[in-house]
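Visitor: Below you'll find the structure I mean.
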Amino acid sequence: MSAGRVRRQTLPATMRSVQRALRWLWLGGLLASAAYPQGWDTYGGDAGGQRYSSATEITRANVAGLKPAWVYHTGALKVSSLSVNKSDFEATPILFEGTLYLSTPFDRVIALDPETGVERWTYDPKLPNDLMAANYTSRGVASWKDGGDSRPACSRRIFVATLDARLIAIDAMSGKLCDGFGAAGQVDLKAGIATGREHPYRFFGNTSPPTVVGDVVVVGSAIADNVAVEAEPGVVRGFDARTGRLLWSWDPIPWSVGQHPRTSAANAWSVIAADTEHGLIYVPTGAPSPDFYGGLRPGDDKDANSLVALDAKSGRKVWAFQLVHHDVWDYDVAAEPLLFEFHGHIPAVAVTAKTGIVFAFNRLTGAPLYPIEERAVPQEGVAGERLSKTQPFSSLPSLNPLMFDRVQVTGHGLKSQATCEAKWKRLRYDGIFTPPTLGGTLQFPGSLGGVNWGSMALDPVTGILYANTNGSAYEIKLMRQPTKFDLMLQQIWLWGALAAIVFFTACWKRRSVFSGVPALLATGSLILLGFYFNDPSTFDFKRNHNLINSPDSVGETSADLGAPYRIYRRVLQDDEGRPCTPVPWGSTAALNLNTGTMVWRKPLGTTVAGGHTGTVSLGGPIVTAGGLLFTAGTSEPLLRAINAATGEDVWVGKLPVPAQSTPMTYVVHGRQYVVVSAGGHGGLGTPLGDSVVAFALGKP
């Protein structure tokens, strides 16, 4: 001790000055790193989609002290030129170099102060009024920065991929477009895309944020389901982050080029994960068109419904695995693939389709980390259908049940129970992968999932994966396409009914019984025929696919132009809007990927008063080093904190309206914030709003 003190005293004055300067520089750097906002720099928390935060200020011991820190209103519902009732606020903000960035359902990009929620700038891409989107959705944005410490204009960029298919580069500091990118800051994503035959419900655009790997911006696409066989191609493309130049394009189903009519889609509409160290991206692909009839696309439909690893610089396919063969259930790979280290040292990726079956692979080679077997599945679909005889099943436990026993269905009164039993009797159900039929099929898990775009979260310390799942079934029914003769009869009925009504009215005014009775019979007969020839499930194309467990859930009738069948589907429920399936109707599940064992599965949300039944949810959980899951997503206006070890609720925060989104968290100046977009969901029928809400512990 004394020797050291003597040596310091005998140092030359210049050396002592340098030493003091270095000490202050070190202390300043330490303080700067503590003050600089940290956490959540991509939609999934990190490029690999772990949705994990190492923040530890908020724990199970103090989470009860969480309170709203600030609330920001986007003003999205004041947009008068667009259908605000179709607004789905699904965005998760990102924190990039000290600023929060998010997008509204109408692709308006907003920059906020992360401590106060004060608006720094906004950019509105001004979506066209005639956009034929089923619902308006934008789940978020992506960021990119040029190398070096200097900060010229557009050296830091925010990318948004819009509903009308534009890739836009915005200066992260000013909110202005980056002129050197594409044409005045925008790239037309419809360029080079064959749109097929026209239809008023056709839609091609983007609902998920781009993925940035180095200097490459990667985008997939959202394509309207069940409109036509000849939909837009589901290409994935890589663009230069500086110039917007197209670097590569990859079509998941190139084999479809030789088909007539050509099958399309198989698009990656969800989030693409990235391994920045190895320069790989992991693409989750969807079903080829049309969703529920595959007779025009024989075979397994290679690389549709798959996890595909691509080289980020070239778009070259490295490996792929198909989760669902020859999909006729709309079992897209909707969740973002999740990258992790298996047993702490093997580079791995986990993925699930809407089925909730989890597969895990070495992410560099595609080798399975847990056994996968092909199992025989139900057959005997409609005429012209050639089903896959087997489907892949992982040895890992499924995140949700794959089938159910009707005896287990409870929570219904006698009338409701009778309604469910009547529906069960008329529907075919042979377990998961029961094919669609003309008479009607019970589909479980339903095409909402299982696991949807809310994706999964992972605690890298414990190796436990978490996901929200849905427990509703669907009733699906194939219907023959109307022929010209059917349409002619429809027109005859329309004109005949009008003439009969006029004739009956005239006879009634003259009080002529002999002429009035035949007119009445003729009118009644035409009305009865009209119920058949004008059945909405036969002729009309309806996109009002209300997914919530509610009495007014009306279902969806498709067009499927070019296919011999149309599809009708709706949630299978009683007259009071409760699912005709066992509780829980929505859950959060925890699966240990290191051991391959289920840790817990708990109901998420409440549908029936006084019962923790679970409810339909959209949006996923996040997990923190404080031992907590944060999740919203249900039809209730609540943000929940869940004990990650047990699945028990430990805190509930009230929101202005339900949040069908995934929260995020970050730390700035030593204070941890949890932020969620609470704007409701037109597709689920929940109340709409425009709030971004931040929670934090009360300041001492």
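The way I read the labels, and the way they are meant: chains A, B, ... in the order of the structure tokens, residue 1 as the first residue of every chain, and ligand 1 as the first ligand shown, with later ones counted on from there.
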I'd like the neighbourhood of A:Glu374 as a ChimeraX atom specification, where a residue qualifies if any of its atoms comes within 10 Å (using only C-alpha atoms), though same-chain residues fewer than 3 positions away should be ignored.

Guide: /A:377,389-394

Visitor: Could the residues in this selection be saved with N, CA and C atoms as a short mmCIF file (atom, residue, chain, number, x, y, z; two decimals), in the first residue's frame?

Guide:
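Written file, again_15.cif:
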data_model
loop_
_atom_site.label_atom_id
_atom_site.label_comp_id
_atom_site.auth_asym_id
_atom_site.auth_seq_id
_atom_site.Cartn_x
_atom_site.Cartn_y
_atom_site.Cartn_z
N VAL A 377 -51.61 -39.15 -41.58
CA VAL A 377 -52.66 -38.18 -41.21
C VAL A 377 -53.93 -38.49 -42.01
N LYS A 389 -49.80 -37.90 -47.50
CA LYS A 389 -50.17 -39.02 -46.64
C LYS A 389 -49.58 -38.90 -45.24
N THR A 390 -48.52 -38.11 -45.11
CA THR A 390 -47.89 -37.93 -43.79
C THR A 390 -47.62 -36.45 -43.55
N GLN A 391 -47.38 -36.12 -42.29
CA GLN A 391 -46.96 -34.77 -41.90
C GLN A 391 -45.85 -34.90 -40.87
N PRO A 392 -44.92 -33.92 -40.81
CA PRO A 392 -43.82 -33.98 -39.84
C PRO A 392 -44.28 -33.61 -38.43
N PHE A 393 -43.87 -34.40 -37.46
CA PHE A 393 -44.15 -34.14 -36.05
C PHE A 393 -42.83 -34.14 -35.29
N SER A 394 -42.64 -33.13 -34.47
CA SER A 394 -41.43 -33.04 -33.65
C SER A 394 -41.61 -33.83 -32.37
#

Visitor: Could you pull out the residues in stretch 142-314 of chain A that DSSP calls strand (DSSP E or B) from the backbone, as an MDAnalysis selection string?

Guide: chainID A and resid 142:145 156:161 166:171 177 183 186:188 204:205 211:213 216:219 222:223 228 233 236:240 246:250 265 273:275 280:284 288 306:311

Visitor: Need the shell around A:Asp405: protein/DNA/RNA residues with any atom at most 10 Å away, counting only C-alpha atoms. Skip same-chain ones fewer than 6 positions apart. Format as a list in words?

Guide: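 The residues satisfying every condition are Gly431, Thr581 and Pro582 of chain A.
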
Visitor: Include N, CA and C atoms and write out the residues we just selected as a tab-separated table (two decimals), in the first residue's frame.

Guide:
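File written: again.tsv
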chain	number	residue	atom	x	y	z
A	431	GLY	N	-59.10	-35.36	-35.99
A	431	GLY	CA	-57.87	-34.88	-35.40
A	431	GLY	C	-57.19	-33.86	-36.29
A	581	THR	N	-64.78	-25.59	-27.79
A	581	THR	CA	-63.58	-26.36	-27.53
A	581	THR	C	-63.28	-26.29	-26.03
A	582	PRO	N	-62.44	-27.18	-25.51
A	582	PRO	CA	-62.14	-27.15	-24.08
A	582	PRO	C	-61.37	-25.90	-23.69

Visitor: So, with only C-alpha atoms as the atoms that count, which of A:His612, A:Arg120, A:His669, A:Lys126 lies closest to A:Pro105?

Guide: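 Ranking A:His612, A:Arg120, A:His669, A:Lys126 by distance to A:Pro105, first place goes to A:Lys126.
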
Visitor: Could you work out how far atom CA of A:Val451 lies from atom CA of A:Val583, giving the answer in Å with one decimal?

Guide: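 The value is 16.4 Å.
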
Visitor: Of the candidates A:Arg245, A:Arg297, A:His325, A:Arg166, which one gets nearest to A:Glu230 if we count only C-alpha atoms?

Guide: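 Checking each of A:Arg245, A:Arg297, A:His325, A:Arg166 against A:Glu230, counting only C-alpha atoms, the winner is A:Arg297.
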
Visitor: Could you check the closest approach to A:Ile110 for each of A:Val692, A:Gly450, A:Lys78, A:Gly295 and tell me which residue wins, using only C-alpha atoms?

Guide: A:Val692

Visitor: Which residue gives the smallest distance to A:Ala563 among A:Ser54, A:Ser398, A:Ser289, A:Thr595, with only C-alpha atoms counted?

Guide: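 Using only C-alpha atoms, A:Ala563 sits closest to A:Ser289.
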
Visitor: With a distance cut-off of 7 Å and only C-alpha atoms, select the neighbouring residues of A:Arg242, excluding the residue or stretch itself and same-chain residues fewer than 2 positions from it, and output the selection as a list in words.

Guide: Phe181, Asp240 and Gly244 of chain A

Visitor: Could you tell me how far atom CA of A:Gln672 lies from atom CA of A:Leu697, in Å and to one decimal?

Guide: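 These atoms are spaced 7.6 Å apart.
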